[in-house]
Protein chains: 2
Amino acid sequence: MTDKIPELEILFELADLFKVFGDSTRLRIMYTLFDGERSVGEIAELLNMEHSTISHQLRVLRTNKLVKIRRDGKQIYYSLDDDHVKKVIEMGLDHVLE
Amino acid sequence: MTDKIPELEILFELADLFKVFGDSTRLRIMYTLFDGERSVGEIAELLNMEHSTISHQLRVLRTNKLVKIRRDGKQIYYSLDDDHVKKVIEMGLDHVLE
DNA sequence: TGAACATATGAATATCTGTTCATATGTTAA
DNA sequence: TTAACATATGAACAGATATTCATATGTTCA
């Protein structure tokens with residue numbers, strides 16, 4: 001365990017982070033990015049949801065630094081921001097799948 | 001990473017799990033249990049919150065198998081259910097603290 | 001430039017969720 | 001059994017949040 005007690009505020013931030021993972025749409029979006037970048041349209045089609053919904057949620061993910069973007073012409077490609085994201089999800093999966 | 005694509009339902013379960021971590025009160029409760037068991041009253045006092053609030057949230061944690069209980073006379077002592085819980089929180093902390 | 005396409009944004013709404021208050025259950029010791 | 005204490009539960013309310021619809025922004029290509 002960490003050797004210092006986290007400040008109260010850190011725990012609030014942490015709750016906010018987990019909140020972002022705590023929505024199935026966002027989780028599914030992140031999962032579609034596990035093997036590489038995808039455009040908004042691709043994600044929307046894969047999940048069979050409104051582009052607008054996906055866009056709103058991608059914004060949340062981006063604000064929280066969980067995904068990053070790359071523009072290519074008309075499309076914007078999203079990908080996971082770092083390996084941490086995968087790791088947190090996989091650690092959660094371990095718990096759920098046991 | 002896992003070698004099979006999780007079923008849709010698994011991702012819903014996973015979101016539910018993260019949802020539980022995504023509340024600062026529950027997170028703070030779990031944190032007070034990092035170094036051992038505590039009674040409801042102790043937790044309420046530590047966090048300076050209503051016993052009722054703590055009790056409600058402990059129930060959520062227990063339903064989700066994140067904490068377990070031990071009865072000793074009038075008090076009920078709660079503790080983290082397994083090491084997974086600590087690990088998930090610590091992994092999240094890594095992300096927040098960087 | 002303008003049409004067609006891709007994505008983003010704002011407002012509105014319906015649903016969900018955390019806390020509080022009041023009350024109930026369960027335990028101990030006299 | 002009864003009083004005192006510890007915890008749990010149910011209902012109600014307030015605040016948060018995901019989705020939808022309508023519209024705006026931004027990009028390409030003719």
# chains A, B, ... in the order shown; residues from 1 in each chain; ligands from 1
$ interface_residues --of "chain A" --to "chain D" --cutoff "12 Å" --atoms "only C-alpha atoms (C1' of nucleotides)" --output "JSON, numbers by chain"
{"A": [19, 20, 22, 23, 24, 25, 26, 49, 50, 51, 52, 53, 54, 55, 56, 57, 60, 71, 72, 73, 74, 75, 76]}
$ write_last_selection --atoms "C-alpha atoms" --output "PDB file, in the first residue's frame"
ATOM      1  CA  LYS A  19     -17.145   7.559 -11.910  1.00  0.00           C
ATOM      2  CA  VAL A  20     -15.934   7.848 -15.466  1.00  0.00           C
ATOM      3  CA  GLY A  22     -18.677   3.481 -13.999  1.00  0.00           C
ATOM      4  CA  ASP A  23     -20.816   3.896 -17.077  1.00  0.00           C
ATOM      5  CA  SER A  24     -21.352   1.045 -19.500  1.00  0.00           C
ATOM      6  CA  THR A  25     -21.374   3.222 -22.595  1.00  0.00           C
ATOM      7  CA  ARG A  26     -18.029   4.768 -21.727  1.00  0.00           C
ATOM      8  CA  MET A  49     -25.788   4.123 -30.679  1.00  0.00           C
ATOM      9  CA  GLU A  50     -26.376   7.732 -31.708  1.00  0.00           C
ATOM     10  CA  HIS A  51     -23.314   9.608 -32.878  1.00  0.00           C
ATOM     11  CA  SER A  52     -24.295  12.355 -30.525  1.00  0.00           C
ATOM     12  CA  THR A  53     -24.294  10.068 -27.525  1.00  0.00           C
ATOM     13  CA  ILE A  54     -20.874   8.747 -28.412  1.00  0.00           C
ATOM     14  CA  SER A  55     -19.539  12.215 -28.971  1.00  0.00           C
ATOM     15  CA  HIS A  56     -20.791  13.402 -25.603  1.00  0.00           C
ATOM     16  CA  GLN A  57     -19.187  10.474 -23.837  1.00  0.00           C
ATOM     17  CA  VAL A  60     -16.071  13.047 -20.912  1.00  0.00           C
ATOM     18  CA  ARG A  71      -7.494  14.305 -36.702  1.00  0.00           C
ATOM     19  CA  ASP A  72      -7.335  12.927 -40.224  1.00  0.00           C
ATOM     20  CA  GLY A  73      -9.414  14.816 -42.709  1.00  0.00           C
ATOM     21  CA  LYS A  74     -13.027  14.851 -41.761  1.00  0.00           C
ATOM     22  CA  GLN A  75     -12.674  12.161 -39.173  1.00  0.00           C
ATOM     23  CA  ILE A  76     -11.306  12.298 -35.701  1.00  0.00           C
TER      24      ILE A  76
END
$ select_by_dssp --residues "chain A" --states "strand (DSSP E or B)" --output "PyMOL selection string"
chain A and resi 38-39+67-72+75-80
$ closest_atom_pairs --of "chain A" --to "chain B" --cutoff "12 Å" --atoms "only C-alpha atoms" --output "Markdown table"
| residue | atom | partner | partner_atom | distance |
| --- | --- | --- | --- | --- |
| A:Met1 | CA | B:Glu90 | CA | 7.2 |
| A:Thr2 | CA | B:Glu90 | CA | 7.5 |
| A:Asp3 | CA | B:Glu90 | CA | 11.2 |
| A:Lys4 | CA | B:Leu93 | CA | 11.6 |
| A:Ile5 | CA | B:Tyr31 | CA | 8.9 |
| A:Pro6 | CA | B:Leu93 | CA | 8.8 |
| A:Glu7 | CA | B:Arg28 | CA | 10.5 |
| A:Leu8 | CA | B:Arg28 | CA | 8.2 |
| A:Glu9 | CA | B:Ser24 | CA | 9.5 |
| A:Ile10 | CA | B:Val96 | CA | 7.6 |
| A:Leu11 | CA | B:Ser24 | CA | 6.3 |
| A:Phe12 | CA | B:Ser24 | CA | 5.3 |
| A:Glu13 | CA | B:Val96 | CA | 7.0 |
| A:Leu14 | CA | B:Val96 | CA | 6.3 |
| A:Ala15 | CA | B:Gly22 | CA | 4.3 |
| A:Asp16 | CA | B:Gly22 | CA | 6.1 |
| A:Leu17 | CA | B:Gly22 | CA | 7.0 |
| A:Phe18 | CA | B:Gly22 | CA | 4.5 |
| A:Lys19 | CA | B:Gly22 | CA | 4.2 |
| A:Val20 | CA | B:Gly22 | CA | 7.7 |
| A:Phe21 | CA | B:Phe18 | CA | 5.8 |
| A:Gly22 | CA | B:Lys19 | CA | 4.2 |
| A:Asp23 | CA | B:Ala15 | CA | 5.2 |
| A:Ser24 | CA | B:Ala15 | CA | 5.1 |
| A:Thr25 | CA | B:Phe12 | CA | 8.7 |
| A:Arg26 | CA | B:Ala15 | CA | 8.7 |
| A:Leu27 | CA | B:Ala15 | CA | 6.8 |
| A:Arg28 | CA | B:Leu11 | CA | 6.8 |
| A:Ile29 | CA | B:Leu11 | CA | 10.5 |
| A:Met30 | CA | B:Leu11 | CA | 10.6 |
| A:Tyr31 | CA | B:Leu11 | CA | 8.9 |
| A:Thr32 | CA | B:Ile5 | CA | 10.1 |
| A:Phe34 | CA | B:Met1 | CA | 9.3 |
| A:Asp35 | CA | B:Met1 | CA | 10.5 |
| A:Leu47 | CA | B:Leu8 | CA | 10.1 |
| A:Asn64 | CA | B:Val96 | CA | 10.0 |
| A:Lys65 | CA | B:His95 | CA | 9.9 |
| A:Leu66 | CA | B:His95 | CA | 9.9 |
| A:Asp81 | CA | B:His95 | CA | 11.4 |
| A:Asp82 | CA | B:His95 | CA | 10.0 |
| A:Asp83 | CA | B:His95 | CA | 10.3 |
| A:His84 | CA | B:His95 | CA | 6.9 |
| A:Val85 | CA | B:His95 | CA | 8.7 |
| A:Lys86 | CA | B:Met1 | CA | 8.1 |
| A:Lys87 | CA | B:Met91 | CA | 8.2 |
| A:Val88 | CA | B:Met91 | CA | 6.6 |
| A:Ile89 | CA | B:Leu14 | CA | 8.2 |
| A:Glu90 | CA | B:Met1 | CA | 6.8 |
| A:Met91 | CA | B:Val88 | CA | 6.6 |
| A:Gly92 | CA | B:Leu14 | CA | 6.5 |
| A:Leu93 | CA | B:Leu14 | CA | 6.5 |
| A:Asp94 | CA | B:His84 | CA | 8.6 |
| A:His95 | CA | B:His84 | CA | 7.0 |
| A:Val96 | CA | B:Leu14 | CA | 6.4 |
| A:Leu97 | CA | B:Ile10 | CA | 8.0 |
| A:Glu98 | CA | B:His84 | CA | 11.0 |
$ interface_residues --of "chain C" --to "chain B" --cutoff "8 Å" --atoms "only C-alpha atoms (C1' of nucleotides)" --output "ChimeraX atom specification"
/C:19,27-28
$ select_by_dssp --residues "chain A" --states "helix (DSSP H, G or I)" --output "PyMOL selection string"
chain A and resi 8-21+24-32+40-47+51-63+83-97
$ atom_distance --atom1 "C1' of DT1 (chain C)" --atom2 "CA of Gly41 (chain A)"
27.6 Å
